[in-house]
Amino acid sequence: MIRLEGINKTFRVARRKSGFGRAVRALLSREHETIHALRDVSFTIEDGEMVGYIGPNGAGKSTTIKIMCGILTPDSGKCEINGRTPWRERIAHVRDIGVVFGQRSQLWWDVPVWDSFDLIRDIYKVDAREYKRNLDELVTLLDLAEILKTPTRNLSLGQRMRCELAASLLHNPKILFLDEPTIGLDAVSKLAVRQFIKKLNAEQGVTIILTTHDMQDIEALTQRILLIGKGRILLDGSLEELKKSSSQRKTIVFEYTGKDPALCEGMTSVEGREGRLVVSLEPSICSVSEAIAYISAQVEVIDISVSGISAEEMVAGLYREYHI
Amino acid sequence: MRLYMKYFSMHLQSQMQYKVSFFLTALGQFLVSFTALLGIWFMFMRFNTVEGFSFPQVLLCFATMLMAFSLAEFMGRGFDHFPRIISNGEFDRMLVRPRRVALQVLASQMEFSRLGRLVQAILVFCYAIPASGVNWTYDKIITLCLMVICGSIVFFCLFLIYAAISFFTIEGLEFMNIFTDGGREFGRYPFSVYGKEALRFLTYVIPLALFQYYPLLYILERKTSSFYMFMPLLALPFAIPAYAFWRFGLSRYKSTGS
C-alpha cells in the first residue's frame, strides 16, 4: 500500500537573467527563487491498483515519483510504502519496486540484452531459480526470444521498451512505476506494451503507477486517475466519473448530400464543408435522436457517427478549468 | 566484490566491441605520459642532479606517482565521469537500485585504455629499480609497495572529492584537476624541489608528499628512521573526510535533486 500525507517539496533555483553583465553579476551573488514543486500532496493507493498520474509538464509528476522511489527527500509530510519510508530505508524499499523511465535506458548499449539482465540479477541478488522462472515468463509474454542476444544499440525503440519493461520486472517487484512507457512508440508496439501492462496488473496483482501524456494509455489501462497541477492534487477518481462530471457533450458527424442544413438550438457547428458536418451537441437541450431527426429531415444522410468526448479533450478541458 | 567483477567483465566486453579505438587510446595515453618522461630526461641532460636526486632516483619517484595515479584512475574513473552521470539522470537510476551508491558509481565506468599509463609505469620501474643504486632490502621493497598502494588510495579520495563537489555545482570543477592531474605531473619530481611551503601543504592538507617524498628519502637512505617508511600509511585517514564529504553531498542531492 502506498500512502502519502501532506507531502511538500520546494526547490531553490538559481535565477539567471540573460545578458553578459548579468551573467558576471551572477558569479558574485546569485538570486534564488523558491519553487513549490509539491504542496500538501496526499493520496492512498491500494495493492493491485492501476493508477494514471497525469498533469501538464512541470506540474510535479516526476517529483512525486522520485519521492516515492526514494530518490528525493521531501521537505515535510509522510510517505509510507509497504510500511517503509522510501528515503529512510532506500535499499530495502527499492528491492520491492520497479521503475521504467521511458526516456532513459537501463540497458547497456554495447552488450547483448541478455547480459544486461544478468547484471540486474546480480544487483538485486535474485535467486537463480526464481530468475529463470521470471525470465522465461517475461520472454514469452513480451516476445523477447529473438532479441535477447542482440546488443541494445541494434534494437528498435519498441523492442527496447519491451526489454526495459522486462528489465525492471526481473526481481518481481510489488510496485511498478512507469514514466511515459509508450513515448515515441509505433502503434503496434504501443498496443503490445499496453496489453502487457494490463496483464501484469490483472494476473500478478502488481500495483502500477503510470505517468503519461498519451490519453489513449490512460483510457486503455487505468481505472483511476490522479490529476496534478502546480504541485497540488486536483482530482482523484475514475475515468468514467470524470467524464460524466466534466461534460455530457456529444459530437455527431454527418455525411450527406444536398444543401447545407440549418442547425437547431443546442447544436454548434464545429466543422462544416460540402457534404460533411460536425456538430457539438448539448444533450440537455436537444437529445441525440432529436438532432438526428432534425438534420435528416433536411438532407439525405449517408453516414452518421456519434461520440462522447475523448479522454484527450476531457483532460484538455480539465487543464483549462484549473488554469494549469 | 562479486558484483564489481561482473561490472568489470561487462565493461571489458563493451570496450572490446571497438578494438581499434581501444588500442589507439591506450597508445595515446602511453605517449602522453611518455612526453613527461622525456621532459625529465631533457632536464637531466642539462643538470646532473635535482636537489641531489639523480636521474634514476627521480624516475623512481615518477613511476610511483604514475602507477598510483593510473591505478586510482582506472578504479575511480566513474567519479571522474560523475558530473555527467548526474546531468543525464543516470544517477537517479542508481538510487533505485538496492546497492551502495558509491559502489555503483565506481563500477559505472572503467576504461581499460587507461592501463596504457600503467604499462609505462611498470616499464619505468623496470629501469629505475636496478639503476637507482638502491640496495633493495625487504623493508625498502615494502616501502615502495606502500608508496604505490597508499598513493593510489589518496588519488582515489581526490576523485571522490571531485565527484562530491559535483553534487553542489557542475561548473568550475576544473580546479580539482590541480590536485589530481597536477599532482601526477608535479609529482614527477620529489616535492621538496617546489620549496618548503608547497611541501608543507602537500603534507598536511592534501597528503601527496606523505607517500611520495618522505618514504623516498627512506628508500634512498637519506633518512634511516623507520617512521619514514610507514609515512604512506599516515595518508590513509584522508579517506575519512573525503567519504564524509561524499555522504554530505549525497544527502544534499536527495533534498535538492539537482
# chains A, B, ... in the order shown; residues from 1 in each chain; ligands from 1
$ interface_residues --of "chain A" --to "chain B" --cutoff "8 Å" --atoms "only C-alpha atoms" --output "list in words"
Phe11, Arg12, Cys69, Gly70, Ile71, Leu72, Thr73, Pro74, Asp75, Arg90, Ile91, Ala92, His93, Val94, Arg95, Val99, Arg104, Gln106, Asp110, Val111, Asp115, Leu119, Asp122, Ile123 and Tyr124 of chain A
$ write_last_selection --atoms "N, CA and C atoms" --output "compact mmCIF listing (two decimals), in the first residue's frame"
# COMPACT_ATOMS: atom_id res chain seq x y z
N PHE A 11 11.99 23.68 -4.22
CA PHE A 11 13.34 23.74 -4.76
C PHE A 11 13.79 25.18 -4.78
N ARG A 12 15.05 25.37 -4.49
CA ARG A 12 15.61 26.70 -4.69
C ARG A 12 16.35 26.68 -6.01
N CYS A 69 10.07 6.82 -5.05
CA CYS A 69 11.16 5.87 -5.34
C CYS A 69 12.31 6.00 -4.36
N GLY A 70 12.26 7.00 -3.49
CA GLY A 70 13.36 7.19 -2.55
C GLY A 70 14.52 7.99 -3.10
N ILE A 71 14.34 8.60 -4.26
CA ILE A 71 15.43 9.40 -4.84
C ILE A 71 15.49 10.76 -4.15
N LEU A 72 14.34 11.32 -3.85
CA LEU A 72 14.30 12.64 -3.22
C LEU A 72 13.69 12.55 -1.82
N THR A 73 14.12 13.48 -0.98
CA THR A 73 13.55 13.61 0.35
C THR A 73 12.62 14.82 0.34
N PRO A 74 11.38 14.68 0.76
CA PRO A 74 10.51 15.86 0.76
C PRO A 74 10.83 16.78 1.93
N ASP A 75 10.33 18.03 1.86
CA ASP A 75 10.57 18.97 2.96
C ASP A 75 9.77 18.57 4.19
N ARG A 90 16.15 3.30 1.92
CA ARG A 90 16.21 3.25 0.47
C ARG A 90 16.46 1.84 -0.06
N ILE A 91 17.48 1.17 0.50
CA ILE A 91 17.87 -0.10 -0.09
C ILE A 91 16.78 -1.17 0.07
N ALA A 92 16.18 -1.22 1.26
CA ALA A 92 15.10 -2.20 1.48
C ALA A 92 13.90 -1.85 0.59
N HIS A 93 13.64 -0.58 0.47
CA HIS A 93 12.48 -0.13 -0.29
C HIS A 93 12.60 -0.43 -1.78
N VAL A 94 13.75 -0.09 -2.36
CA VAL A 94 13.86 -0.22 -3.81
C VAL A 94 13.87 -1.67 -4.28
N ARG A 95 14.11 -2.60 -3.36
CA ARG A 95 14.05 -4.00 -3.72
C ARG A 95 12.64 -4.41 -4.16
N VAL A 99 11.15 0.40 -11.72
CA VAL A 99 10.97 1.73 -12.30
C VAL A 99 11.36 1.69 -13.78
N ARG A 104 14.86 7.10 -20.63
CA ARG A 104 16.24 6.72 -20.32
C ARG A 104 16.35 5.21 -20.24
N GLN A 106 18.03 1.58 -19.15
CA GLN A 106 18.85 0.98 -18.10
C GLN A 106 19.67 -0.17 -18.66
N ASP A 110 26.22 -1.52 -25.50
CA ASP A 110 27.06 -2.31 -26.40
C ASP A 110 27.03 -3.81 -26.16
N VAL A 111 26.33 -4.25 -25.16
CA VAL A 111 26.33 -5.69 -24.90
C VAL A 111 24.92 -6.25 -25.14
N ASP A 115 22.94 -10.01 -21.28
CA ASP A 115 23.98 -9.70 -20.29
C ASP A 115 23.54 -8.58 -19.34
N LEU A 119 23.29 -8.85 -15.26
CA LEU A 119 23.85 -7.91 -14.29
C LEU A 119 22.78 -7.46 -13.31
N ASP A 122 22.25 -9.87 -10.64
CA ASP A 122 23.26 -9.78 -9.58
C ASP A 122 23.05 -8.57 -8.69
N ILE A 123 22.62 -7.46 -9.29
CA ILE A 123 22.39 -6.26 -8.49
C ILE A 123 21.31 -6.52 -7.46
N TYR A 124 20.25 -7.19 -7.89
CA TYR A 124 19.14 -7.45 -6.98
C TYR A 124 19.29 -8.75 -6.21
$ residues_around --residues "B:Arg114" --least-positions-apart "2" --cutoff "12 Å" --atoms "only C-alpha atoms" --output "ChimeraX atom specification"
/B:22-33,66-67,69-77,109-112,116-121
$ write_last_selection --atoms "C-alpha atoms" --output "CSV table (one decimal), in the first residue's frame"
chain,number,residue,atom,x,y,z
B,22,PHE,CA,40.8,0.8,-27.6
B,23,PHE,CA,44.3,0.2,-28.7
B,24,LEU,CA,44.7,3.7,-30.2
B,25,THR,CA,43.5,5.3,-26.9
B,26,ALA,CA,45.8,3.1,-24.9
B,27,LEU,CA,48.7,4.1,-27.2
B,28,GLY,CA,47.8,7.7,-26.9
B,29,GLN,CA,47.7,7.5,-23.1
B,30,PHE,CA,51.1,5.9,-23.2
B,31,LEU,CA,52.6,8.6,-25.4
B,32,VAL,CA,51.2,11.4,-23.3
B,33,SER,CA,53.0,10.2,-20.2
B,66,LEU,CA,52.3,7.3,-12.4
B,67,MET,CA,51.4,3.9,-11.1
B,69,PHE,CA,47.6,7.6,-10.4
B,70,SER,CA,46.8,5.1,-13.1
B,71,LEU,CA,45.5,2.5,-10.7
B,72,ALA,CA,43.3,5.1,-8.9
B,73,GLU,CA,42.1,6.5,-12.2
B,74,PHE,CA,41.3,3.0,-13.5
B,75,MET,CA,39.3,2.2,-10.4
B,76,GLY,CA,37.8,5.6,-9.8
B,77,ARG,CA,37.0,6.6,-13.4
B,109,GLN,CA,32.9,3.4,-15.7
B,110,MET,CA,36.1,1.5,-16.3
B,111,GLU,CA,38.4,2.5,-19.0
B,112,PHE,CA,40.8,-0.2,-19.8
B,116,GLY,CA,48.5,2.4,-21.1
B,117,ARG,CA,49.9,4.5,-18.4
B,118,LEU,CA,50.2,1.6,-16.0
B,119,VAL,CA,52.3,-0.2,-18.6
B,120,GLN,CA,54.6,2.7,-18.8
B,121,ALA,CA,54.9,2.9,-15.0
$ residues_around --residues "A:Ile218" --least-positions-apart "2" --cutoff "10 Å" --atoms "only C-alpha atoms" --output "list in words"
Met50, Val51, Gly52, Tyr53, Ile54, Arg194, Leu210, Thr211, Thr212, His213, Asp214, Met215, Gln216, Ala220, Leu221, Thr222, Gln223, Arg224, Ile225, Leu239, Ala311 and Glu312 of chain A
$ residues_around --residues "A:Lys250" --least-positions-apart "2" --cutoff "8 Å" --atoms "only C-alpha atoms" --output "count of residues only"
10
$ residues_around --residues "B:Phe55" --least-positions-apart "4" --cutoff "7 Å" --atoms "only C-alpha atoms" --output "list in words"
Phe44, Thr49 and Leu59 of chain B
$ atom_distance --atom1 "atom CA of A:Thr182" --atom2 "atom CA of A:Arg3"
26.6 Å
$ select_by_dssp --residues "stretch 110-254 of chain A" --states "alpha helix (DSSP H)" --output "ChimeraX atom specification"
/A:113-124,128-142,157-167,187-204,215-221,239-246
